[in-house]
file upload04.cif (mmCIF, C-alpha atoms)
data_protein
loop_
_atom_site.label_atom_id
_atom_site.label_comp_id
_atom_site.auth_asym_id
_atom_site.auth_seq_id
_atom_site.Cartn_x
_atom_site.Cartn_y
_atom_site.Cartn_z
CA MET A 1 69.70 101.68 100.07
CA GLY A 2 67.84 100.13 103.00
CA LYS A 3 69.26 98.81 106.21
CA ALA A 4 68.47 95.24 105.13
CA VAL A 5 70.69 95.58 102.06
CA ARG A 6 73.53 97.04 104.12
CA ARG A 7 73.25 94.30 106.71
CA ARG A 8 73.19 91.58 104.06
CA MET A 9 76.28 92.97 102.33
CA LEU A 10 78.10 93.34 105.65
CA ALA A 11 77.21 89.76 106.63
CA ILE A 12 78.41 88.39 103.28
CA LEU A 13 81.70 90.27 103.34
CA ALA A 14 82.30 89.51 107.03
CA VAL A 15 82.26 85.77 106.29
CA THR A 16 84.28 85.99 103.08
CA GLN A 17 86.88 88.36 104.56
CA ILE A 18 87.53 86.05 107.51
CA ALA A 19 87.77 83.06 105.16
CA SER A 20 89.94 84.85 102.58
CA TRP A 21 92.35 86.49 105.01
CA GLY A 22 92.54 83.32 107.09
CA SER A 23 93.41 81.01 104.21
CA LEU A 24 95.27 83.25 101.74
CA TYR A 25 97.24 85.47 104.11
CA TYR A 26 97.56 83.80 107.51
CA GLY A 27 97.66 80.13 106.54
CA ILE A 28 101.30 80.12 105.45
CA ALA A 29 102.43 80.83 109.03
CA ILE A 30 101.14 77.37 110.01
CA LEU A 31 101.73 75.44 106.79
CA GLY A 32 105.17 76.87 105.94
CA PRO A 33 107.25 74.60 108.22
CA ALA A 34 105.45 71.47 106.96
CA ILE A 35 105.97 72.51 103.33
CA ALA A 36 109.67 73.16 103.94
CA ALA A 37 110.11 69.83 105.74
CA GLU A 38 108.44 67.73 103.04
CA MET A 39 109.88 69.49 100.01
CA GLY A 40 113.34 70.04 101.44
CA TRP A 41 113.29 73.73 100.50
CA ARG A 42 114.91 76.56 102.43
CA ASN A 43 112.62 78.93 104.29
CA GLU A 44 113.70 81.71 101.93
CA LEU A 45 112.03 79.83 99.06
CA VAL A 46 108.93 78.77 100.97
CA TYR A 47 108.17 82.25 102.29
CA GLY A 48 109.70 84.05 99.31
CA ALA A 49 106.92 82.69 97.09
CA TYR A 50 104.39 84.06 99.56
CA SER A 51 106.12 87.46 99.50
CA TRP A 52 106.00 87.32 95.71
CA SER A 53 102.24 86.85 95.90
CA LEU A 54 101.94 90.03 97.97
CA VAL A 55 103.94 91.94 95.37
CA LEU A 56 101.63 90.69 92.61
CA SER A 57 98.63 91.58 94.74
CA GLY A 58 99.93 95.14 95.00
CA LEU A 59 100.50 95.39 91.25
CA ALA A 60 96.99 94.09 90.56
CA ALA A 61 95.25 96.25 93.19
CA SER A 62 94.58 99.28 90.98
CA PRO A 63 93.29 97.32 87.93
CA ALA A 64 91.09 95.27 90.25
CA GLY A 65 89.79 98.47 91.85
CA ALA A 66 89.03 99.98 88.44
CA LEU A 67 87.05 96.86 87.53
CA LEU A 68 85.15 97.10 90.80
CA ASP A 69 84.28 100.73 89.99
CA ARG A 70 82.81 99.64 86.65
CA ILE A 71 81.15 96.27 87.23
CA GLY A 72 80.87 95.88 91.02
CA GLY A 73 81.90 93.39 93.65
CA ARG A 74 79.72 90.49 92.55
CA LYS A 75 81.73 89.72 89.41
CA VAL A 76 85.18 90.81 90.57
CA MET A 77 85.10 89.22 94.02
CA GLY A 78 83.38 86.15 92.60
CA ALA A 79 86.22 85.80 90.08
CA GLY A 80 88.66 86.29 92.96
CA SER A 81 87.11 83.32 94.78
CA VAL A 82 87.58 81.17 91.67
CA LEU A 83 91.23 82.26 91.47
CA ALA A 84 91.66 81.50 95.17
CA ALA A 85 90.28 77.99 94.64
CA ILE A 86 92.57 77.39 91.66
CA GLY A 87 95.60 78.73 93.55
CA MET A 88 94.92 76.58 96.60
CA LEU A 89 94.41 73.54 94.36
CA LEU A 90 97.76 74.17 92.64
CA LEU A 91 99.42 74.71 96.02
CA GLY A 92 98.14 71.41 97.34
CA LEU A 93 99.35 69.62 94.18
CA SER A 94 102.78 71.29 94.08
CA HIS A 95 105.71 68.88 93.73
CA SER A 96 108.11 71.29 92.03
CA LEU A 97 109.33 74.79 92.77
CA TRP A 98 107.93 76.28 89.55
CA LEU A 99 104.43 74.96 90.31
CA TYR A 100 104.70 76.23 93.89
CA PHE A 101 105.54 79.74 92.65
CA LEU A 102 102.77 79.51 90.04
CA ALA A 103 100.28 78.66 92.79
CA TRP A 104 101.32 81.68 94.84
CA SER A 105 101.19 83.86 91.72
CA VAL A 106 97.55 82.90 91.19
CA LEU A 107 96.87 83.48 94.89
CA GLY A 108 98.41 86.96 94.61
CA PHE A 109 95.84 87.95 91.99
CA ALA A 110 93.14 86.31 94.12
CA MET A 111 94.15 88.51 97.09
CA ALA A 112 93.79 91.65 94.96
CA ALA A 113 90.21 90.66 94.13
CA THR A 114 89.06 89.38 97.54
CA LEU A 115 90.78 91.10 100.48
CA TYR A 116 90.10 94.46 102.15
CA GLU A 117 90.87 96.75 99.20
CA ALA A 118 88.36 94.91 97.01
CA ALA A 119 85.75 94.74 99.77
CA PHE A 120 86.14 98.46 100.55
CA ALA A 121 85.75 99.34 96.86
CA ALA A 122 82.62 97.19 96.60
CA ILE A 123 81.12 98.89 99.67
CA ASN A 124 82.01 102.36 98.40
CA ARG A 125 80.44 101.63 95.01
CA GLU A 126 77.14 100.59 96.54
CA PHE A 127 76.82 103.01 99.46
CA GLY A 128 78.81 106.15 98.62
CA LEU A 129 78.99 108.49 101.62
CA GLU A 130 77.52 105.80 103.88
CA ALA A 131 80.48 103.50 103.18
CA ARG A 132 82.61 104.52 106.16
CA LYS A 133 80.35 102.93 108.77
CA LEU A 134 80.28 99.62 106.90
CA ILE A 135 84.04 99.67 106.32
CA SER A 136 84.61 100.26 110.03
CA ASN A 137 82.25 97.42 110.96
CA LEU A 138 83.82 95.07 108.42
CA THR A 139 87.32 95.56 109.83
CA LEU A 140 86.02 94.43 113.22
CA PHE A 141 85.03 91.09 111.71
CA GLY A 142 88.19 90.84 109.60
CA GLY A 143 90.29 91.24 112.73
CA PHE A 144 89.22 87.76 113.82
CA ALA A 145 90.66 86.01 110.74
CA SER A 146 93.89 84.94 112.43
CA THR A 147 92.02 84.07 115.64
CA VAL A 148 89.82 81.65 113.70
CA PHE A 149 92.18 80.32 111.05
CA TRP A 150 95.46 79.81 112.91
CA PRO A 151 93.97 77.15 115.21
CA LEU A 152 91.79 75.80 112.37
CA THR A 153 94.76 75.46 110.02
CA LEU A 154 96.80 73.82 112.79
CA GLN A 155 94.04 71.27 113.38
CA LEU A 156 93.57 70.54 109.68
CA ASP A 157 97.32 70.19 109.15
CA GLY A 158 97.51 67.69 111.99
CA LEU A 159 94.54 65.69 110.71
CA LEU A 160 94.93 65.93 106.93
CA GLY A 161 98.44 67.20 106.22
CA TRP A 162 99.31 70.48 104.50
CA ARG A 163 98.36 69.31 101.01
CA ASN A 164 94.84 68.24 101.91
CA THR A 165 94.44 71.37 104.02
CA CYS A 166 95.10 73.42 100.86
CA LEU A 167 92.57 71.30 98.96
CA ALA A 168 90.03 71.84 101.74
CA TYR A 169 90.56 75.59 101.49
CA ALA A 170 90.17 75.38 97.70
CA ALA A 171 86.78 73.76 98.27
CA MET A 172 85.90 76.45 100.81
CA HIS A 173 86.53 79.24 98.31
CA LEU A 174 84.52 77.44 95.63
CA LEU A 175 81.60 76.26 97.77
CA LEU A 176 81.34 79.03 100.39
CA CYS A 177 83.01 82.27 99.26
CA LEU A 178 82.00 82.11 95.59
CA PRO A 179 78.24 81.63 96.25
CA LEU A 180 78.33 84.38 98.88
CA HIS A 181 80.13 86.81 96.57
CA LEU A 182 77.55 86.06 93.87
CA LEU A 183 74.88 87.31 96.31
CA LEU A 184 76.44 90.80 96.39
CA PRO A 185 74.41 93.59 94.75
CA ALA A 186 74.49 93.47 90.94
CA GLY A 187 73.04 96.91 90.19
CA PRO A 188 74.89 99.94 88.80
CA GLY A 189 75.75 101.11 92.30
CA HIS A 190 75.23 104.31 94.27
CA VAL A 191 78.09 106.18 92.60
CA HIS A 192 76.99 105.26 89.09
CA HIS A 193 73.38 106.21 89.80
CA ALA A 194 74.58 109.59 91.04
CA ALA A 195 76.87 110.11 88.09
CA SER A 196 74.21 109.22 85.54
CA ALA A 197 71.32 111.08 87.17
CA ALA A 198 72.34 114.33 85.51
CA PRO A 199 75.44 115.43 83.64
CA GLY A 200 78.08 116.76 86.00
CA GLN A 201 76.23 115.70 89.16
CA GLY A 202 77.31 113.01 91.59
CA SER A 203 80.92 113.03 90.43
CA GLN A 204 81.36 116.78 90.88
CA GLY A 205 84.78 117.48 92.39
CA ASP A 206 85.85 113.84 92.18
CA PHE A 207 89.35 113.04 90.93
CA SER A 208 90.05 110.64 88.10
CA LEU A 209 92.87 108.13 88.64
CA GLN A 210 95.16 110.20 86.41
CA GLU A 211 94.38 113.39 88.32
CA ALA A 212 94.99 111.68 91.66
CA LEU A 213 98.30 110.24 90.46
CA ALA A 214 99.38 113.70 89.31
CA HIS A 215 98.65 115.22 92.72
CA PRO A 216 101.64 115.33 95.12
CA SER A 217 99.45 114.39 98.06
CA PHE A 218 98.66 111.01 96.50
CA TRP A 219 102.28 109.91 96.57
CA GLN A 220 102.83 111.38 100.02
CA LEU A 221 99.92 109.30 101.30
CA ALA A 222 101.02 106.18 99.43
CA ILE A 223 104.56 106.43 100.81
CA ALA A 224 103.32 107.22 104.32
CA PHE A 225 101.07 104.14 104.35
CA ALA A 226 103.86 102.00 102.83
CA ILE A 227 106.44 103.05 105.45
CA ASN A 228 103.98 102.37 108.25
CA SER A 229 103.16 98.95 106.81
CA LEU A 230 106.85 98.09 106.41
CA ILE A 231 107.52 98.90 110.08
CA PHE A 232 104.47 97.02 111.35
CA SER A 233 104.98 93.88 109.27
CA GLY A 234 108.68 93.74 110.12
CA LEU A 235 108.24 94.30 113.84
CA ALA A 236 105.24 91.97 114.09
CA VAL A 237 107.37 89.07 112.81
CA HIS A 238 110.56 89.87 114.75
CA LEU A 239 109.13 91.50 117.88
CA ILE A 240 109.60 88.53 120.23
CA PRO A 241 113.36 88.18 119.53
CA LEU A 242 113.73 91.96 119.91
CA LEU A 243 111.95 91.98 123.27
CA LYS A 244 114.06 89.05 124.44
CA GLY A 245 117.14 90.97 123.37
CA PHE A 246 116.07 93.81 125.68
CA GLY A 247 116.10 91.40 128.62
CA HIS A 248 112.48 90.27 128.79
CA ALA A 249 111.93 86.58 129.58
CA ASP A 250 110.60 84.27 126.86
CA THR A 251 107.12 83.97 128.35
CA MET A 252 106.91 87.70 129.01
CA ALA A 253 108.04 88.53 125.45
CA VAL A 254 105.33 86.26 124.04
CA ALA A 255 102.70 87.74 126.37
CA LEU A 256 103.67 91.29 125.40
CA ALA A 257 103.59 90.52 121.67
CA ALA A 258 100.17 88.90 122.11
CA LEU A 259 98.78 92.33 123.07
CA ILE A 260 99.01 93.48 119.45
CA GLY A 261 96.01 91.48 118.19
CA PRO A 262 93.52 92.64 120.85
CA ALA A 263 94.85 96.19 120.53
CA GLN A 264 94.04 96.19 116.81
CA VAL A 265 90.44 95.21 117.52
CA ALA A 266 90.22 97.67 120.44
CA GLY A 267 91.48 100.47 118.21
CA ARG A 268 88.82 99.71 115.62
CA ILE A 269 86.10 99.56 118.27
CA ALA A 270 87.24 102.92 119.67
CA GLU A 271 87.13 104.45 116.19
CA ARG A 272 83.66 103.04 115.65
CA VAL A 273 82.23 104.11 119.02
CA PHE A 274 83.97 107.39 119.85
CA PHE A 275 85.30 108.87 116.59
CA HIS A 276 82.83 107.74 113.93
CA ALA A 277 81.79 111.34 113.24
CA ALA A 278 85.35 112.68 112.89
CA PRO A 279 86.77 113.16 109.38
CA PRO A 280 88.93 110.14 108.48
CA GLU A 281 91.94 112.33 107.75
CA HIS A 282 91.81 113.51 111.40
CA ILE A 283 91.69 109.93 112.68
CA GLY A 284 94.73 109.20 110.52
CA ARG A 285 96.75 111.81 112.41
CA PHE A 286 96.31 109.89 115.65
CA ALA A 287 97.04 106.54 114.02
CA PHE A 288 100.27 107.76 112.42
CA ALA A 289 101.39 109.59 115.59
CA ALA A 290 100.84 106.56 117.83
CA LEU A 291 103.63 104.50 116.24
CA PRO A 292 106.57 106.91 116.73
CA PHE A 293 105.37 107.64 120.28
CA GLY A 294 105.39 103.92 121.09
CA LEU A 295 108.78 103.39 119.43
CA LEU A 296 110.25 106.29 121.41
CA ALA A 297 108.94 104.84 124.69
CA LEU A 298 110.44 101.43 123.91
CA LEU A 299 113.73 102.91 122.75
CA CYS A 300 114.17 105.03 125.88
CA LEU A 301 112.87 102.43 128.37
CA SER A 302 113.62 99.15 126.61
CA ALA A 303 113.98 97.12 129.82
CA SER A 304 110.69 98.38 131.27
CA MET A 305 107.78 95.98 130.97
CA SER A 306 105.34 98.91 131.04
CA ALA A 307 107.11 100.65 128.16
CA ALA A 308 107.15 97.42 126.15
CA ALA A 309 103.45 96.87 126.84
CA LEU A 310 102.64 100.46 125.85
CA PHE A 311 104.57 100.01 122.61
CA CYS A 312 102.73 96.77 121.72
CA LEU A 313 99.35 98.35 122.48
CA LEU A 314 100.11 101.44 120.39
CA LEU A 315 101.55 99.32 117.55
CA GLY A 316 98.37 97.24 117.43
CA ALA A 317 95.93 100.13 117.84
CA SER A 318 97.72 102.19 115.19
CA ASN A 319 97.63 99.38 112.65
CA GLY A 320 94.02 98.54 113.42
CA ILE A 321 92.84 102.12 112.91
CA LEU A 322 95.01 102.63 109.83
CA THR A 323 93.15 99.80 108.12
CA ILE A 324 90.01 101.94 108.38
CA VAL A 325 91.88 105.10 107.38
CA ARG A 326 93.25 103.43 104.23
CA GLY A 327 89.71 102.47 103.32
CA THR A 328 88.10 105.86 103.95
CA VAL A 329 90.66 108.60 103.28
CA PRO A 330 90.77 108.05 99.48
CA GLN A 331 87.03 108.70 99.26
CA ALA A 332 87.20 111.75 101.52
CA LEU A 333 90.09 113.34 99.62
CA TYR A 334 89.57 112.21 96.02
CA GLY A 335 85.86 111.43 95.76
CA ARG A 336 83.75 108.33 95.16
CA THR A 337 83.54 107.89 91.41
CA HIS A 338 86.97 106.33 90.88
CA TYR A 339 87.53 105.15 94.43
CA GLY A 340 88.46 101.56 93.55
CA ALA A 341 91.18 102.50 91.06
CA ILE A 342 92.61 105.26 93.27
CA ALA A 343 92.54 103.25 96.51
CA GLY A 344 94.04 100.25 94.70
CA ALA A 345 96.87 102.36 93.29
CA MET A 346 97.51 103.85 96.71
CA ALA A 347 97.57 100.36 98.28
CA SER A 348 100.15 98.97 95.84
CA PRO A 349 103.25 100.32 97.65
CA THR A 350 101.74 99.28 100.99
CA LEU A 351 101.34 95.68 99.88
CA GLY A 352 104.90 95.62 98.56
CA ALA A 353 106.19 97.08 101.82
CA ARG A 354 104.19 94.51 103.78
CA ALA A 355 106.07 91.79 101.93
CA ALA A 356 109.46 93.48 102.29
CA GLY A 357 109.24 94.38 105.99
CA PRO A 358 110.00 90.96 107.52
CA LEU A 359 112.75 90.26 104.97
CA LEU A 360 114.42 93.65 105.55
CA LEU A 361 114.42 93.33 109.33
CA ALA A 362 115.63 89.74 109.08
CA ALA A 363 118.56 90.92 106.95
CA LEU A 364 119.40 93.68 109.45
CA LEU A 365 119.21 91.29 112.39
CA GLY A 366 121.30 88.79 110.47
CA ALA A 367 123.92 91.51 110.00
CA HIS A 368 124.02 91.86 113.82
CA THR A 369 122.44 95.31 113.84
CA PRO A 370 121.94 96.34 117.50
CA ALA A 371 118.32 96.24 118.61
CA GLY A 372 118.54 99.88 119.72
CA GLY A 373 119.85 100.93 116.32
CA LEU A 374 117.06 99.01 114.60
CA LEU A 375 114.42 100.71 116.73
CA ALA A 376 116.02 104.11 116.12
CA ALA A 377 115.83 103.51 112.35
CA CYS A 378 112.18 102.48 112.69
CA LEU A 379 111.51 105.62 114.76
CA GLY A 380 113.02 107.83 112.08
CA LEU A 381 110.91 106.16 109.40
CA ALA A 382 107.77 106.43 111.56
CA VAL A 383 108.32 110.17 112.05
CA LEU A 384 108.83 110.55 108.29
CA SER A 385 105.56 108.71 107.59
CA LEU A 386 103.73 110.99 110.06
CA LEU A 387 105.11 114.14 108.42
CA LEU A 388 104.23 112.88 104.95
CA TYR A 389 100.69 112.08 106.04
CA LEU A 390 100.15 115.47 107.70
CA SER A 391 101.40 117.28 104.60
CA ALA A 392 99.29 115.15 102.26
CA ALA A 393 96.09 115.52 104.27
CA ARG A 394 96.48 119.30 104.41
CA ARG A 395 97.24 119.66 100.69
CA SER A 396 94.42 117.34 99.66
CA VAL A 397 91.77 119.09 101.74
CA LEU A 398 92.77 122.49 100.33
CA GLN A 399 92.93 121.15 96.77
CA ALA A 400 89.54 119.42 97.02
CA GLY A 401 87.96 122.60 98.35
CA ARG A 402 89.36 124.71 95.52
CA ARG A 403 88.32 122.12 92.94
CA ARG A 404 84.71 121.97 94.17
CA ALA A 405 84.54 125.78 94.36
CA MET A 406 85.71 126.07 90.74
CA MET A 407 83.20 123.47 89.52
CA ASP A 408 80.29 124.93 91.53
CA PRO A 409 80.18 128.75 91.27
CA SER A 410 77.22 128.91 93.67
CA SER A 411 79.40 127.57 96.48
CA GLY A 412 80.86 131.05 96.98
CA ASP A 413 77.46 132.65 97.68
#
call {"tool": "encode", "arguments": {"input": "upload04.cif", "output": "structure tokens"}}
result
Amino acid sequence: MGKAVRRRMLAILAVTQIASWGSLYYGIAILGPAIAAEMGWRNELVYGAYSWSLVLSGLAASPAGALLDRIGGRKVMGAGSVLAAIGMLLLGLSHSLWLYFLAWSVLGFAMAATLYEAAFAAINREFGLEARKLISNLTLFGGFASTVFWPLTLQLDGLLGWRNTCLAYAAMHLLLCLPLHLLLPAGPGHVHHAASAAPGQGSQGDFSLQEALAHPSFWQLAIAFAINSLIFSGLAVHLIPLLKGFGHADTMAVALAALIGPAQVAGRIAERVFFHAAPPEHIGRFAFAALPFGLLALLCLSASMSAAALFCLLLGASNGILTIVRGTVPQALYGRTHYGAIAGAMASPTLGARAAGPLLLAALLGAHTPAGGLLAACLGLAVLSLLLYLSAARRSVLQAGRRRAMMDPSSGD
């Protein structure tokens, strides 16, 4: 496909990813207190419904990916925009707890069809081996979702109230995201052209979903990504109180935590500029190793501002790069033909862990777990995730090589 097609698809997804992440994922941070105040609900209910939506998104990720493999991003992501509009409409009209949970349930399915996993699958379907560059570029744009939508949501909430803000976002998904998603390519896609060009070509060596699920490396990768996501989501929410507990002043704790966002973008830029030619499984080694190194520095030198700053930078850079790794490693290790289904299945535990992380750390802090003990537990989990990833990457590379050699006898010549 030509550069014009790639640029058009990147431009479309850049806009819709910022809008979708900003409204579906980040908006609750601003609207949650207003919802709780008006409805008289406990925070556990207000944010619990949001966590429920992330669980549903994880459960729906693999079916949504399989649909994207078959029919492409235009129909699936377009349907996701319709679901997002319906969910936001129901959220804005919620006057009872059951309707509030129903709204977030619809939004959970919308997330599965519109956020990164869906966008990565759409890109992979259209561009095959050229997908990595576009995925890397897209994450740079997606990183600005909170930067744009936190202040926007705050302004809209102040002007319109939380209900009308939800209705405005429903209109945005219907009038902006849906038309843009309907402009995505509608053809059979790069992978399907390759697979249909000649029997046995184009999908040679690719894993089916069932074969990937039966491979030990798949579950090692899925668990490694899930553990990393649990640590990041939990620490990102509770980092400021933890830093204050280590003796850092309020303003300093906030300033240190604010390093995470820019570090995510900087990590993605570094991957794009300096490591774009490296195999994604090699980039993953750095990303997984950065987190335990940062945790160890903070654990050993908790009162040091430099150690805290290093930890925040490594936490952000690791998470930023891992977004790209999650989008590219499944293709590198399991092939392109069933990428959407495989990547969606691999993302399911990660999305569940992302929802559980803040709740788990909140429970531990509520039980008066010492900050040092909490960090030590996170360090142990981070080391486990690194070891799982290293083992999975090694096993998958060897298995893929043997599989391709068996299917192509000429490869041994």
call {"tool": "closest_residue", "arguments": {"input": "upload04.cif", "among": "A:Ala371, A:Leu174, A:Leu364, A:Ile324", "to": "A:Lys244", "atoms": "only C-alpha atoms"}}
result
A:Ala371
call {"tool": "axis_aligned_box", "arguments": {"input": "upload04.cif", "around": "stretch 144-160 of chain A", "padding_each_side": "6 Å", "output": "lines of an AutoDock Vina configuration file"}}
result
center_x = 93.4
center_y = 76.7
center_z = 111.3
size_x = 20.3
size_y = 34.1
size_z = 20.7
call {"tool": "resolve_selection", "arguments": {"input": "upload04.cif", "expression": "the PyMOL selection byres ((chain A and resi 108-120) around 6)", "output": "list in words"}}
result
Ser53, Leu54, Leu56, Ser57, Ala60, Ala61, Met77, Gly80, Leu83, Ala84, Ser105, Val106, Leu107, Ala121, Ala122 and Ile123 of chain A
call {"tool": "atom_distance", "arguments": {"input": "upload04.cif", "atom1": "atom CA of A:Ala382", "atom2": "atom CA of A:Ala29"}}
result
26.3 Å
call {"tool": "closest_residue", "arguments": {"input": "upload04.cif", "among": "A:Gly161, A:Tyr334, A:Met172, A:Ala258", "to": "A:Leu313", "atoms": "all atoms listed in the file"}}
result
A:Ala258
call {"tool": "build_atoms", "arguments": {"input": "upload04.cif", "residues": "stretch 170-185 of chain A", "atoms": "N, CA, C and O atoms", "output": "short mmCIF file (atom, residue, chain, number, x, y, z; two decimals), in the frame of the given file"}}
result
data_model
loop_
_atom_site.label_atom_id
_atom_site.label_comp_id
_atom_site.auth_asym_id
_atom_site.auth_seq_id
_atom_site.Cartn_x
_atom_site.Cartn_y
_atom_site.Cartn_z
N ALA A 170 90.63 75.18 99.08
CA ALA A 170 90.17 75.38 97.70
C ALA A 170 88.67 75.13 97.61
O ALA A 170 87.92 75.91 96.99
N ALA A 171 88.21 74.06 98.25
CA ALA A 171 86.78 73.76 98.27
C ALA A 171 86.00 74.85 98.99
O ALA A 171 84.88 75.22 98.58
N MET A 172 86.57 75.39 100.07
CA MET A 172 85.90 76.45 100.81
C MET A 172 85.67 77.68 99.94
O MET A 172 84.58 78.27 99.95
N HIS A 173 86.68 78.07 99.17
CA HIS A 173 86.53 79.24 98.31
C HIS A 173 85.49 78.99 97.21
O HIS A 173 84.75 79.90 96.84
N LEU A 174 85.43 77.75 96.72
CA LEU A 174 84.52 77.44 95.63
C LEU A 174 83.09 77.25 96.13
O LEU A 174 82.13 77.66 95.46
N LEU A 175 82.93 76.64 97.29
CA LEU A 175 81.60 76.26 97.77
C LEU A 175 81.01 77.23 98.79
O LEU A 175 79.79 77.21 99.02
N LEU A 176 81.84 78.06 99.41
CA LEU A 176 81.34 79.03 100.39
C LEU A 176 81.51 80.46 99.89
O LEU A 176 80.53 81.20 99.76
N CYS A 177 82.75 80.87 99.61
CA CYS A 177 83.01 82.27 99.26
C CYS A 177 82.41 82.66 97.91
O CYS A 177 81.84 83.74 97.77
N LEU A 178 82.55 81.78 96.90
CA LEU A 178 82.00 82.11 95.59
C LEU A 178 80.48 82.32 95.63
O LEU A 178 79.98 83.35 95.15
N PRO A 179 79.70 81.38 96.19
CA PRO A 179 78.24 81.63 96.25
C PRO A 179 77.88 82.90 97.04
O PRO A 179 76.96 83.62 96.65
N LEU A 180 78.62 83.17 98.12
CA LEU A 180 78.33 84.38 98.88
C LEU A 180 78.65 85.64 98.08
O LEU A 180 77.87 86.60 98.07
N HIS A 181 79.79 85.64 97.39
CA HIS A 181 80.13 86.81 96.57
C HIS A 181 79.11 87.01 95.44
O HIS A 181 78.85 88.16 95.04
N LEU A 182 78.55 85.94 94.93
CA LEU A 182 77.55 86.06 93.87
C LEU A 182 76.21 86.60 94.39
O LEU A 182 75.33 86.92 93.60
N LEU A 183 76.07 86.70 95.72
CA LEU A 183 74.88 87.31 96.31
C LEU A 183 75.04 88.81 96.54
O LEU A 183 74.09 89.47 96.99
N LEU A 184 76.24 89.35 96.25
CA LEU A 184 76.44 90.80 96.39
C LEU A 184 75.57 91.55 95.40
O LEU A 184 75.17 90.99 94.37
N PRO A 185 75.26 92.82 95.67
CA PRO A 185 74.41 93.59 94.75
C PRO A 185 74.98 93.61 93.33
O PRO A 185 76.19 93.69 93.13
#
